[in-house]
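Asker: Can you keep this structure in mind? I'll have questions shortly.
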Amino acid sequence: NIDVSGLVDTEGGLLDRVVFTDQQLYRQELRRVFAPSWLFLAHTDQFHKPGDFFTTYMGEDPVIVTLDRDRRIRAYLNSCRHRGARVCRADSGTTRNFTCTYHGWSFNLDGALVSVPNQDGYPESFETGEWGLVEVPHVETYQGLVFGTWNPEPVSLRESLGDMAWYMDAMLDHDDEGTVVVGGVHKWVLEGNWKLAAEQFATDWYHVNMSHASALMALAPAGKKPKDEVVHRTGRQYSDANGNGAGFPVHPKNRFDAQTVHRWMDYDALRARLGEARVEGPLTNGHATVFPNFSYLPVNGSLRVWHPKGPDKMEVWAWTIVDKSMPPEVREAQRLYNLRTFGPSGIFEQDDGENWSECQAISHGFITNNVALNYQMGMGSERADGRHPGTTSELYSDAAGRAFYTRWRDLMNTPAWHEEQK
Ligand code: FES
């Protein structure tokens, strides 16, 4: 294991670029950042009846998320205990058993091994009860979002979210009916380290005016320049010791643009439920990351996971969620809006992906890799502002980026439970 203390200088606001490129650090991330953390798995709306399943990843480990016969959401390592093949090769669906296509071992919704072809060829000591799927020990939900962790003794999901939950509720808790998923899960591959995307969603409103200038021009209401709408915005950026971050402009008119969803929203009811500070801020716009690799955009209803695929590559998985109470035409408008802006070919998404790939592509050069990166914006501006929970800074700030990498550094330097057991 590598001591990463010298790579993250929180006090100086500096980051060593090797954190994006080194294979050994990447393996350490899988062990010490991904294995012990709460990781986003799915939305509860993806599971309605026993046997509904969705396959995803925790770090690079493939997992099946499914609803068992007691209607409990459970997750298993998607790897057969015989020779290690996947026992489920579909993206999603409904099943009674997961049957491995290599030699035919079959597992039920409890993960138990229930059928072994030619079982009489095994010695008497062979017990099917010992060869069930490896279960993710803790799966919990928050406002329809399903998370899991391999950590056998984690703090609860709610505790790990802390004040971040207040900001998440601005997207997830508009009324008692909750949210549902519209459309499928979009997946695409990007050249770039997963942290480039996760930190940007935690901390970076700064890039918006430059990187998205053309997109903002295209979306500006008729007769208005984009700078009138966006450039001069002020707002706040939340950060915490768990590495979570969220930024949002504050704009009392409650609207980013002419989105159908804003015409449908009942802002008086939202104010009564969530309070003025949330409605004028994180409800209508902004960006956020729940450490380490789950991000969302409240204005779009976009959820996304940055799945790590080696130090140089990530796979983006993106959902669109809407309020269950929205009528069909509003849901459809929101789905199309998200697709147009932050779908795989969305006008904003392409700007971001281009930036991350550009940063990654040149970072393997020896000299390039040894020049520190700057995360100093807003240093010293973090404070309790009396209006938003936790610590916030100015909207244009690297505060949540510094918090993200501080959390990353601390986890990277801490032996995980599986190392302590050895
Ligand atoms: Fe699954 Fe052999 S690898 S049955």
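Starting from 1 in every chain, residues are counted up; chains themselves are A, B, ... following the order of the structure tokens, and ligands are numbered from 1 as listed.
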Write out as a ChimeraX atom specification which residues come within 6 Å of range 349-363 of chain A when counting only C-alpha atoms, dropping same-chain ones fewer than 4 positions away.

Answerer: /A:191-192,342,368-369

Asker: Would you write out those residues with C-alpha atoms, as a CSV table (one decimal), in the first residue's frame?

Answerer:
```csv
chain,number,residue,atom,x,y,z
A,191,GLU,CA,-11.5,8.0,-21.4
A,192,GLY,CA,-10.8,9.6,-18.1
A,342,PHE,CA,-27.1,15.3,-20.0
A,368,THR,CA,3.1,16.6,-16.8
A,369,ASN,CA,2.5,14.0,-14.2
```

Asker: Please return as a list in words the residues found within 6 Å of ligand 1, counting only C-alpha atoms and all ligand atoms.

Answerer: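 The neighbouring residues of ligand 1 are, in order, Cys80, His82, Arg83, Gly84, Ala85, Cys100, Tyr102, His103, Gly104 and Trp105 of chain A.
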
Asker: Write out as a PyMOL selection string the residues lying within 6 Å of Phe107 in chain A, counting only C-alpha atoms and excluding same-chain residues fewer than 2 positions away.

Answerer: chain A and resi 97-98+111-114

Asker: Would you mind listing what lies within 10 Å of range 68-75 of chain A as a ChimeraX atom specification, with only C-alpha atoms counted and same-chain residues fewer than 2 positions away left out?

Answerer: /A:41,44,47-56,63-66,77-78,96,108-111,133-141,146-149

Asker: When you look at Glu199 in chain A with a cut-off of 10 Å (counting only C-alpha atoms), what residues show up, excluding the ones that are within fewer than 4 positions of it in the same chain? I need them as an mmCIF file with C-alpha atoms, in the first residue's frame.

Answerer:
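out_37.cif, freshly written:
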```
data_model
loop_
_atom_site.group_PDB
_atom_site.id
_atom_site.type_symbol
_atom_site.label_atom_id
_atom_site.label_comp_id
_atom_site.auth_asym_id
_atom_site.auth_seq_id
_atom_site.Cartn_x
_atom_site.Cartn_y
_atom_site.Cartn_z
ATOM 1 C CA TRP A 194 -13.613 8.367 -12.451
ATOM 2 C CA LYS A 195 -12.514 11.038 -9.938
ATOM 3 C CA THR A 203 -17.387 21.141 -6.561
ATOM 4 C CA ASP A 204 -17.210 22.682 -9.984
ATOM 5 C CA GLY A 243 -16.353 13.798 0.901
ATOM 6 C CA ASN A 244 -19.877 14.727 -0.218
ATOM 7 C CA GLY A 245 -20.402 17.985 -2.087
ATOM 8 C CA ALA A 288 -23.789 17.102 -6.398
ATOM 9 C CA THR A 289 -21.712 14.040 -5.577
ATOM 10 C CA VAL A 290 -22.253 11.518 -2.820
ATOM 11 C CA PHE A 291 -18.780 10.168 -2.154
ATOM 12 C CA PRO A 292 -17.275 8.368 -3.882
ATOM 13 C CA ASN A 293 -18.915 7.920 -7.283
ATOM 14 C CA SER A 295 -23.666 12.135 -8.641
ATOM 15 C CA ASP A 398 -12.997 24.234 -4.782
ATOM 16 C CA ALA A 400 -15.976 20.396 -1.958
ATOM 17 C CA GLY A 401 -13.087 19.271 -4.173
ATOM 18 C CA ARG A 402 -10.672 19.691 -1.278
ATOM 19 C CA ALA A 403 -13.093 17.812 0.988
ATOM 20 C CA PHE A 404 -13.485 15.050 -1.627
ATOM 21 C CA TYR A 405 -9.737 14.471 -1.858
#
```

Asker: Excluding Pro328 in chain A and its own-chain neighbours fewer than 4 positions away, which residues fall within 12 Å of it when counting only C-alpha atoms? Please give them as a ChimeraX atom specification.

Answerer: /A:182,260-261,264,322-324,332-335

Asker: Give me the residues near Trp319 in chain A as a VMD selection string, where near means some atom within 7 Å (using only C-alpha atoms) and where sequence neighbours in that chain fewer than 5 positions away do not count.

Answerer: chain A and resid 181 184 to 186 302 to 304

Asker: For the atom pair CA of Arg278 in chain A and CA of Leu216 in chain A, what is the interatomic distance in Å to one decimal place?

Answerer: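 Answer for the CA of Arg278 in chain A to CA of Leu216 in chain A separation: 23.6 Å.
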
Asker: From the list A:Asp22, A:Glu177, A:Asp240, A:Glu420, which residue is nearest Gly162 in chain A when using only C-alpha atoms?

Answerer: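 For Gly162 in chain A, the nearest of the given residues is A:Asp240.
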
Asker: From the options A:Pro62, A:Gly390, A:Pro344, A:Pro311, which residue's atoms come nearest to Asn193 in chain A, counting only C-alpha atoms?

Answerer: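 When distances to Asn193 in chain A are compared using only C-alpha atoms, the smallest one comes from A:Pro311.
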
Asker: Pick out the closest residue to Arg27 in chain A from this set: A:Ile2, A:Leu145, A:Leu67, A:Ile321. Count only C-alpha atoms.

Answerer: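 Closest to Arg27 in chain A of all the choices is A:Ile2.
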
Asker: Run DSSP on the backbone of this structure and report the residues of range 108-295 of chain A it assigns to alpha helix (DSSP H), as a PyMOL selection string.

Answerer: chain A and resi 157-161+164-172+194-203+208-211+213-219+226+260-264+267-274+276-279

Asker: Could you check the closest approach to Phe348 in chain A for each of A:Gly365, A:Pro36, A:Ser211, A:Trp408 and tell me which residue wins, using only C-alpha atoms?

Answerer: A:Ser211

Asker: Residues of range 48-227 of chain A classed as strand (DSSP E) by DSSP on the backbone are to be reported as a PyMOL selection string.

Answerer: chain A and resi 52-58+61-67+73-77+92-94+97-99+106-108+113-115+138-142+145-149+179-191

Asker: Could you please determine the separation between CA of Glu329 in chain A and CA of Gly183 in chain A in Å, to one decimal place?

Answerer: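 Distance between the two atoms: 13.7 Å.
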